[in-house]
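Heads up, run_17.cif below (mmCIF, C-alpha atoms):
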```cif
data_model
#
loop_
_atom_site.label_atom_id
_atom_site.label_comp_id
_atom_site.auth_asym_id
_atom_site.auth_seq_id
_atom_site.Cartn_x
_atom_site.Cartn_y
_atom_site.Cartn_z
CA MET T 1 98.11 84.61 118.73
CA SER T 2 101.34 82.67 119.23
CA THR T 3 100.53 81.98 122.88
CA ASN T 4 96.93 81.15 122.16
CA GLU T 5 96.73 79.15 118.95
CA LEU T 6 93.37 78.46 117.39
CA PRO T 7 92.27 74.84 116.84
CA LEU T 8 93.51 73.10 113.71
CA TRP T 9 91.21 71.89 110.92
CA GLU T 10 92.10 69.62 107.99
CA VAL T 11 90.90 70.78 104.58
CA PHE T 12 89.67 68.54 101.77
CA ILE T 13 88.85 69.85 98.31
CA GLN T 14 86.77 68.25 95.62
CA PRO T 15 88.43 69.25 92.33
CA LYS T 16 85.25 68.72 90.30
CA THR T 17 81.73 67.49 90.86
CA GLY T 18 81.66 63.75 91.48
CA ALA T 19 85.41 63.46 92.01
CA PRO T 20 86.81 62.21 95.34
CA PHE T 21 87.85 64.84 97.90
CA GLN T 22 91.58 65.33 98.27
CA HIS T 23 93.50 66.52 101.28
CA ALA T 24 94.72 70.07 100.60
CA GLY T 25 96.30 71.15 103.89
CA ASN T 26 95.06 72.70 107.11
CA VAL T 27 93.84 75.97 108.64
CA HIS T 28 93.37 77.48 112.07
CA ALA T 29 89.86 78.54 113.09
CA THR T 30 87.64 78.89 116.14
CA ASP T 31 84.48 77.53 114.54
CA LYS T 32 83.03 75.73 111.51
CA GLU T 33 82.16 78.83 109.55
CA MET T 34 85.58 80.40 110.08
CA ALA T 35 87.27 77.13 109.11
CA LEU T 36 85.26 76.97 105.90
CA GLN T 37 85.98 80.61 105.02
CA ASN T 38 89.69 80.32 105.78
CA ALA T 39 89.91 77.16 103.72
CA ARG T 40 88.17 78.92 100.86
CA ASP T 41 90.61 81.82 101.07
CA LEU T 42 93.72 79.68 101.37
CA TYR T 43 93.04 76.75 99.08
CA THR T 44 90.56 77.72 96.37
CA ARG T 45 91.87 81.06 95.12
CA ARG T 46 92.91 79.59 91.80
CA MET T 47 89.75 77.67 91.00
CA GLU T 48 91.01 74.45 92.61
CA GLY T 49 87.63 73.14 93.62
CA THR T 50 83.87 72.93 93.58
CA CYS T 51 83.33 71.87 97.20
CA ILE T 52 85.22 72.05 100.50
CA TRP T 53 85.19 69.82 103.57
CA VAL T 54 86.76 70.94 106.82
CA VAL T 55 87.27 68.46 109.65
CA LYS T 56 88.62 69.24 113.11
CA ALA T 57 92.08 67.70 113.13
CA ASP T 58 91.60 66.05 116.52
CA GLU T 59 88.42 64.33 115.28
CA ILE T 60 90.46 62.37 112.75
CA VAL T 61 91.46 58.89 113.88
CA SER T 62 94.85 57.94 112.51
CA SER T 63 96.85 54.73 112.64
CA ASN T 64 100.23 55.32 114.26
CA SER T 65 103.71 54.44 113.15
CA ASN T 66 103.99 51.55 115.64
CA ASP T 67 101.19 49.86 113.76
CA GLN T 68 103.03 50.05 110.48
CA GLU T 69 104.34 46.45 110.43
CA SER T 70 101.17 44.76 111.55
CA PHE T 71 98.96 46.95 109.36
CA PHE T 72 100.80 47.07 106.09
CA ASP T 73 103.58 44.48 105.85
CA PRO T 74 101.30 41.44 105.47
CA ALA T 75 100.34 42.77 102.04
CA ASN T 76 104.00 42.55 100.96
CA ASP T 77 104.07 39.02 99.55
CA LYS T 78 100.57 38.97 98.17
CA VAL T 79 101.07 40.24 94.66
CA TYR T 80 98.15 38.08 93.54
CA ARG T 81 95.95 40.83 94.95
CA TYR T 82 96.78 42.83 91.83
CA PRO T 83 94.52 41.93 88.92
CA THR T 84 97.59 42.03 86.62
CA PHE T 85 99.04 39.04 88.51
CA PHE T 86 96.81 36.70 86.54
CA LYS T 87 97.41 35.70 82.99
CA VAL T 88 94.42 36.16 80.79
CA SER T 89 93.48 33.01 78.93
CA LYS T 90 93.68 33.39 75.20
CA LYS T 91 90.31 31.72 74.99
CA ALA T 92 88.64 34.47 76.96
CA LYS T 93 87.12 36.82 74.51
CA GLY T 94 85.71 40.29 74.91
CA LEU T 95 87.95 41.33 77.79
CA MET C 1 78.99 120.66 86.53
CA LYS C 2 81.27 117.96 85.17
CA ASN C 3 79.77 115.04 83.30
CA PRO C 4 77.37 113.59 85.92
CA LEU C 5 77.92 109.98 84.82
CA PHE C 6 81.67 110.47 85.22
CA GLN C 7 81.16 111.85 88.72
CA TYR C 8 78.82 109.01 89.61
CA VAL C 9 81.19 106.27 88.46
CA LEU C 10 84.17 108.02 90.05
CA SER C 11 82.47 108.22 93.42
CA LEU C 12 81.69 104.48 93.35
CA ALA C 13 85.27 103.72 92.31
CA ASP C 14 86.66 105.86 95.15
CA ASP C 15 84.67 103.93 97.75
CA ALA C 16 86.20 100.66 96.61
CA LEU C 17 89.68 102.10 96.15
CA ILE C 18 89.93 103.85 99.51
CA ILE C 19 88.52 101.08 101.70
CA GLY C 20 90.61 98.59 99.68
CA GLN C 21 93.71 100.62 100.49
CA ARG C 22 92.75 100.67 104.17
CA LEU C 23 92.32 96.90 104.25
CA SER C 24 95.65 96.37 102.53
CA GLU C 25 97.30 98.06 105.51
CA TRP C 26 96.56 94.83 107.39
CA ALA C 27 98.82 92.78 105.12
CA TYR C 28 101.44 91.01 107.29
CA ARG C 29 99.86 92.51 110.42
CA ALA C 30 96.57 90.69 110.86
CA PRO C 31 95.93 88.74 114.09
CA PHE C 32 96.81 85.42 112.42
CA LEU C 33 97.90 84.09 109.06
CA GLU C 34 94.53 82.92 107.76
CA GLU C 35 92.86 86.24 108.53
CA ASP C 36 95.78 88.10 106.97
CA ILE C 37 95.08 86.31 103.71
CA ALA C 38 91.32 86.81 104.02
CA LEU C 39 91.68 90.58 104.46
CA SER C 40 94.19 90.81 101.62
CA ASN C 41 91.86 88.84 99.35
CA ILE C 42 88.99 91.20 100.10
CA SER C 43 91.26 94.17 99.54
CA LEU C 44 92.28 92.79 96.14
CA ASP C 45 88.64 92.22 95.20
CA LEU C 46 87.99 95.87 96.01
CA PHE C 47 90.99 97.05 93.97
CA GLY C 48 89.63 94.95 91.11
CA ARG C 49 86.26 96.67 91.39
CA ALA C 50 87.91 100.09 91.64
CA ASN C 51 89.97 99.35 88.56
CA LEU C 52 86.95 98.40 86.45
CA LEU C 53 85.11 101.54 87.55
CA LEU C 54 88.11 103.82 87.04
CA GLU C 55 88.69 102.40 83.58
CA TYR C 56 85.07 103.14 82.76
CA ALA C 57 85.37 106.63 84.25
CA SER C 58 88.48 107.39 82.21
CA GLU C 59 86.70 106.15 79.10
CA ILE C 60 83.86 108.60 79.79
CA LYS C 61 86.31 111.40 80.44
CA GLY C 62 88.33 110.69 77.32
CA GLY C 63 91.39 112.73 76.33
CA GLY C 64 93.83 109.90 77.04
CA THR C 65 93.08 109.69 80.77
CA CYS C 66 93.73 106.24 82.23
CA ALA C 67 92.63 104.50 85.42
CA ASP C 68 96.04 105.06 87.05
CA ASP C 69 95.83 108.81 86.44
CA LEU C 70 92.54 108.89 88.31
CA ALA C 71 93.83 106.75 91.17
CA PHE C 72 97.21 108.35 91.68
CA LYS C 73 97.07 111.92 90.42
CA ARG C 74 94.06 113.37 92.14
CA ASN C 75 94.20 115.35 95.35
CA GLU C 76 92.12 114.89 98.47
CA ARG C 77 89.36 117.28 97.46
CA GLU C 78 88.97 115.45 94.15
CA PHE C 79 88.08 112.16 95.87
CA PHE C 80 84.40 111.42 96.38
CA ASN C 81 84.32 108.35 98.61
CA HIS C 82 82.07 108.13 101.65
CA LEU C 83 83.81 109.13 104.88
CA LEU C 84 83.40 105.65 106.39
CA CYS C 85 85.83 104.20 103.84
CA GLU C 86 88.76 106.37 104.87
CA GLN C 87 88.42 105.88 108.64
CA PRO C 88 91.58 104.36 110.14
CA ASN C 89 91.72 100.64 110.81
CA GLY C 90 91.97 100.95 114.60
CA ASP C 91 91.94 97.50 116.18
CA PHE C 92 90.76 94.41 114.32
CA GLY C 93 87.23 94.87 115.70
CA LYS C 94 86.96 98.37 114.30
CA THR C 95 88.13 97.23 110.88
CA ILE C 96 85.54 94.46 110.92
CA VAL C 97 82.70 96.79 111.91
CA ARG C 98 83.69 99.30 109.20
CA GLN C 99 83.74 96.47 106.67
CA PHE C 100 80.41 95.14 107.92
CA PHE C 101 78.68 98.52 107.45
CA PHE C 102 80.28 98.87 104.03
CA ASP C 103 79.51 95.34 102.80
CA SER C 104 75.93 95.39 104.04
CA PHE C 105 75.27 98.63 102.17
CA TYR C 106 76.98 97.58 98.96
CA LEU C 107 75.26 94.21 98.90
CA LEU C 108 71.95 96.06 98.61
CA PHE C 109 73.27 98.82 96.39
CA LEU C 110 74.94 96.58 93.80
CA THR C 111 71.90 94.31 93.64
CA ARG C 112 69.99 97.37 92.39
CA LEU C 113 72.80 98.74 90.25
CA ALA C 114 73.01 95.38 88.45
CA LYS C 115 69.70 96.38 86.85
CA SER C 116 71.02 99.74 85.66
CA LYS C 117 70.22 100.91 82.16
CA ASP C 118 73.93 101.58 81.80
CA LEU C 119 75.30 98.26 80.57
CA GLN C 120 78.84 98.82 81.85
CA LEU C 121 77.66 99.62 85.37
CA SER C 122 75.30 96.71 85.28
CA ALA C 123 78.06 94.29 84.20
CA ILE C 124 80.53 95.56 86.80
CA SER C 125 77.85 95.25 89.50
CA GLN C 126 77.00 91.69 88.55
CA LYS C 127 80.63 90.67 88.76
CA SER C 128 81.15 92.48 92.07
CA LEU C 129 78.00 91.08 93.65
CA LYS C 130 79.45 87.58 93.93
CA GLU C 131 82.45 89.02 95.74
CA VAL C 132 80.43 91.28 98.03
CA THR C 133 78.18 88.40 98.99
CA TYR C 134 81.27 86.66 100.30
CA HIS C 135 82.68 89.82 101.93
CA PHE C 136 79.42 90.30 103.80
CA ARG C 137 79.48 86.72 104.98
CA HIS C 138 83.02 87.21 106.25
CA SER C 139 82.44 90.52 108.05
CA SER C 140 79.00 89.73 109.50
CA GLN C 141 80.21 86.40 110.90
CA TRP C 142 83.10 88.18 112.60
CA VAL C 143 80.73 90.78 114.07
CA ILE C 144 78.63 87.99 115.56
CA ARG C 145 81.65 85.99 116.69
CA LEU C 146 83.31 88.94 118.44
CA GLY C 147 80.14 90.68 119.62
CA ALA C 148 78.88 87.52 121.28
CA GLY C 149 82.41 86.46 122.24
CA THR C 150 84.27 87.46 125.37
CA GLN C 151 83.55 90.54 127.45
CA GLU C 152 86.61 92.26 125.97
CA SER C 153 85.72 91.49 122.36
CA HIS C 154 82.13 92.58 123.01
CA GLU C 155 83.25 95.91 124.44
CA LYS C 156 85.63 96.57 121.57
CA LEU C 157 82.94 95.81 119.00
CA GLN C 158 80.32 97.94 120.74
CA ASN C 159 82.81 100.78 120.90
CA ALA C 160 83.55 100.44 117.17
CA VAL C 161 79.84 100.40 116.33
CA ASN C 162 79.33 103.58 118.37
CA VAL C 163 82.31 105.38 116.82
CA LEU C 164 81.56 104.47 113.19
CA TRP C 165 77.79 104.82 113.36
CA VAL C 166 77.91 108.56 112.59
CA PHE C 167 79.32 107.77 109.13
CA THR C 168 76.68 105.25 108.05
CA ASP C 169 73.95 107.72 107.18
CA GLU C 170 76.00 109.30 104.42
CA PHE C 171 75.43 106.19 102.28
CA PHE C 172 71.74 107.08 102.04
CA ASN C 173 72.19 110.75 101.15
CA MET C 174 70.98 111.68 97.69
CA ASN C 175 73.00 114.48 96.10
CA ASP C 176 72.12 116.13 92.77
CA ILE C 177 74.09 113.59 90.78
CA ASP C 178 72.36 110.68 92.49
CA LYS C 179 68.98 112.23 91.71
CA MET C 180 69.92 112.81 88.10
CA MET C 181 71.17 109.25 87.70
CA VAL C 182 68.04 107.78 89.24
CA LYS C 183 65.93 109.84 86.85
CA GLN C 184 67.86 108.41 83.92
CA LYS C 185 67.44 104.89 85.32
CA ILE C 186 71.22 104.57 85.58
CA GLY C 187 71.69 105.05 89.31
CA VAL C 188 70.17 103.71 92.50
CA ASP C 189 67.75 105.39 94.87
CA ARG C 190 69.86 105.28 98.02
CA GLN C 191 67.09 106.34 100.37
CA ALA C 192 64.98 103.41 99.26
CA LEU C 193 67.65 101.05 100.60
CA LYS C 194 67.51 102.35 104.16
CA VAL C 195 64.64 100.21 105.44
CA GLU C 196 66.19 97.01 104.16
CA TRP C 197 69.63 97.97 105.42
CA ASP C 198 68.20 98.68 108.88
CA LYS C 199 66.61 95.26 108.90
CA GLU C 200 69.83 93.49 107.90
CA ILE C 201 71.93 95.44 110.39
CA ASN C 202 69.50 94.85 113.23
CA LYS C 203 69.48 91.13 112.55
CA VAL C 204 73.25 90.84 112.82
CA LEU C 205 73.60 93.24 115.76
CA LYS C 206 71.00 91.25 117.67
CA LYS C 207 72.83 87.97 117.09
CA ALA C 208 76.02 89.71 118.17
CA THR C 209 74.29 91.03 121.33
CA LEU C 210 75.33 94.55 120.28
CA LYS C 211 73.28 97.70 120.84
CA ARG C 212 72.28 99.79 117.86
CA PRO C 213 73.17 103.42 118.61
CA GLU C 214 70.39 105.99 118.82
CA LYS C 215 69.91 108.11 115.77
CA GLY C 216 71.84 111.27 116.45
CA HIS C 217 74.82 113.15 115.16
CA ILE C 218 75.63 112.50 111.46
CA ILE C 219 78.89 113.28 109.69
CA SER C 220 78.97 113.56 105.91
CA GLY C 221 80.77 115.41 103.14
CA GLY C 222 83.04 112.83 101.50
CA LYS C 223 80.87 112.60 98.43
CA GLU C 224 81.30 116.33 97.93
CA GLY C 225 85.07 116.11 98.36
CA ILE C 226 85.12 117.32 101.98
CA HIS C 227 87.05 114.72 103.93
CA SER C 228 88.27 113.88 107.40
CA GLU C 229 91.95 114.48 108.14
CA HIS C 230 92.67 110.80 107.53
CA LEU C 231 92.32 110.77 103.75
CA GLY C 232 95.37 112.94 103.09
CA HIS C 233 97.62 110.55 105.00
CA LEU C 234 96.16 107.58 103.21
CA LEU C 235 96.75 109.20 99.82
CA SER C 236 100.32 110.13 100.65
CA ASP C 237 100.98 106.42 101.17
CA MET C 238 98.97 105.20 98.22
CA GLN C 239 100.21 107.79 95.74
CA TYR C 240 103.81 108.00 96.89
CA LEU C 241 105.38 106.17 93.97
CA GLN C 242 103.54 108.04 91.23
CA ARG C 243 104.21 111.35 92.95
CA ALA C 244 107.92 110.69 93.47
CA TYR C 245 108.48 109.05 90.08
CA PRO C 246 105.72 110.32 87.78
CA ASP C 247 104.60 107.79 85.16
CA ALA C 248 106.93 105.12 86.53
CA GLU C 249 106.12 101.71 85.11
CA TRP C 250 106.96 98.17 86.14
#
```

As structure tokens, what does this structure read like?
Amino acid sequence: MSTNELPLWEVFIQPKTGAPFQHAGNVHATDKEMALQNARDLYTRRMEGTCIWVVKADEIVSSNSNDQESFFDPANDKVYRYPTFFKVSKKAKGL
Amino acid sequence: MKNPLFQYVLSLADDALIIGQRLSEWAYRAPFLEEDIALSNISLDLFGRANLLLEYASEIKGGGTCADDLAFKRNEREFFNHLLCEQPNGDFGKTIVRQFFFDSFYLLFLTRLAKSKDLQLSAISQKSLKEVTYHFRHSSQWVIRLGAGTQESHEKLQNAVNVLWVFTDEFFNMNDIDKMMVKQKIGVDRQALKVEWDKEINKVLKKATLKRPEKGHIISGGKEGIHSEHLGHLLSDMQYLQRAYPDAEW
């Protein structure tokens, strides 16, 4: 298989019902069903989850490292975006 | 005749043990990493099932026998698995077809055995059913994927179906022990499963664009302890440690 690698799929596991899905890793597979089964075998052997998502890796749109400054740096000096930035007035009750 | 319940349980255990051993031969050798783990997982499920059944069998036998004694200290003629289980892996397609025939039969069989009057057998079947449901999904999807895949994969699958077909009928043979167990509402009427099995098999083969072989030559005997030449080699691998170092422990 080394010369003819199968497509890559990203695997997301939901640890318990209602919880957000978390990225677990990836698997190789030719189709949806195989991706789901391989993900089950690789990532849920120790009761890690209640539901699995598999997504073809090349269907995922990712920001790239060149974008890092313009995407994330502007948030640097804006600590007021944290709720803890603000002092709570002593007069405010029931918070 | 030995205790018929003992024989019955032993024969079911041997099926799981022997095909589990076969599948474990793929460890580190499967076509790619994910499938390597899938086959090993299924193999471990089968060893788990074999262990539960062998523990039950040794309990019935009594006299201090344990599951390991039954697994590692019996000779070829004292194994009662169906011949399909001991057939060599061949290529990946052949392994998949063997597993597909096995899983499709056991899915039906264990569904019935879960209703056995024997509470131990019923409990073991209920636990195993969840696993077999998954095994069947794995093997049948591969049959469809490869059968309806490329010309080469199709040919290899069709060849495997033709070669292994002669061993499938043995699963529906009723020997004296089967009959006795059915009478006591402990065992399963194997013949009654045939129609449903045919239907399931036909469905998958059709999707896989594979031809079902004509009914013809049938090979059986495993359940009576008469095996193909392959079982001895398998046992010499599986039993090596206990034979070379009797009663060795971890």

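One finds atom CA of Ala71 of chain C at 10.1 Å from atom CA of Glu55 of chain C.
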
Output of the PyMOL selection byres ((chain T) within 10 of (chain C)), listed as a VMD selection string: chain T and resid 1 to 2 5 to 6 27 to 31 33 to 35 37 to 42 45

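Distance cut-off 9 Å, centre (88.1, 105.9, 93.8), atoms counted all atoms listed in the file; the residues meeting this are Val9, Leu10, Ser11, Leu12, Ala13, Asp14, Asp15, Ala16, Leu17, Ile18, Ala50, Asn51, Leu53, Leu54, Leu70, Ala71, Phe79, Phe80 and Asn81 of chain C.
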
Ground truth for the PyMOL selection byres ((chain T and resi 50-57) around 9), written as a list in words: Pro7, Leu8, Trp9, Glu10, Val11, Phe12, Ile13, Gln14, Pro15, Lys16, Thr17, Phe21, Asn26, Val27, Lys32, Ala35, Leu36, Ala39, Arg40, Thr44, Met47, Glu48, Gly49, Asp58, Glu59, Ile60 and Val61 of chain T

Once you have the residues from the selection above, write them out as an mmCIF file, keeping the file's coordinate frame, restricted to C-alpha atoms.
```cif
data_model
loop_
_atom_site.group_PDB
_atom_site.id
_atom_site.type_symbol
_atom_site.label_atom_id
_atom_site.label_comp_id
_atom_site.auth_asym_id
_atom_site.auth_seq_id
_atom_site.Cartn_x
_atom_site.Cartn_y
_atom_site.Cartn_z
ATOM 1 C CA PRO T 7 92.270 74.840 116.840
ATOM 2 C CA LEU T 8 93.510 73.100 113.710
ATOM 3 C CA TRP T 9 91.210 71.890 110.920
ATOM 4 C CA GLU T 10 92.100 69.620 107.990
ATOM 5 C CA VAL T 11 90.900 70.780 104.580
ATOM 6 C CA PHE T 12 89.670 68.540 101.770
ATOM 7 C CA ILE T 13 88.850 69.850 98.310
ATOM 8 C CA GLN T 14 86.770 68.250 95.620
ATOM 9 C CA PRO T 15 88.430 69.250 92.330
ATOM 10 C CA LYS T 16 85.250 68.720 90.300
ATOM 11 C CA THR T 17 81.730 67.490 90.860
ATOM 12 C CA PHE T 21 87.850 64.840 97.900
ATOM 13 C CA ASN T 26 95.060 72.700 107.110
ATOM 14 C CA VAL T 27 93.840 75.970 108.640
ATOM 15 C CA LYS T 32 83.030 75.730 111.510
ATOM 16 C CA ALA T 35 87.270 77.130 109.110
ATOM 17 C CA LEU T 36 85.260 76.970 105.900
ATOM 18 C CA ALA T 39 89.910 77.160 103.720
ATOM 19 C CA ARG T 40 88.170 78.920 100.860
ATOM 20 C CA THR T 44 90.560 77.720 96.370
ATOM 21 C CA MET T 47 89.750 77.670 91.000
ATOM 22 C CA GLU T 48 91.010 74.450 92.610
ATOM 23 C CA GLY T 49 87.630 73.140 93.620
ATOM 24 C CA ASP T 58 91.600 66.050 116.520
ATOM 25 C CA GLU T 59 88.420 64.330 115.280
ATOM 26 C CA ILE T 60 90.460 62.370 112.750
ATOM 27 C CA VAL T 61 91.460 58.890 113.880
#
```

Residues returned when the PyMOL selection byres ((chain C and resi 143) around 8) runs on this file, as a list in words: Gly93, Ile96, Val97, Phe100, Ser139, Ser140, Gln141, Trp142, Ile144, Arg145, Leu146, Gly147, Leu157, Val204, Leu205 and Ala208 of chain C

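Counting from atom CA of Leu231 of chain C, the distance to atom CA of Leu84 of chain C is 10.6 Å.
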
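A straight line drawn from atom CA of Met180 of chain C to atom CA of Glu196 of chain C is 22.8 Å long.
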
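You can rank C:Ile19, C:Ala57, C:Val132, C:Leu108 by their closest distance to Thr95 of chain C using only C-alpha atoms, and at the top of that list sits C:Ile19.
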
8 Å per side around segment 232-246 of chain C: axis-aligned box centre and edge lengths, as JSON:
```
{"center_x": 101.9, "center_y": 109.1, "center_z": 96.4, "size_x": 29.1, "size_y": 23.7, "size_z": 33.2}
```
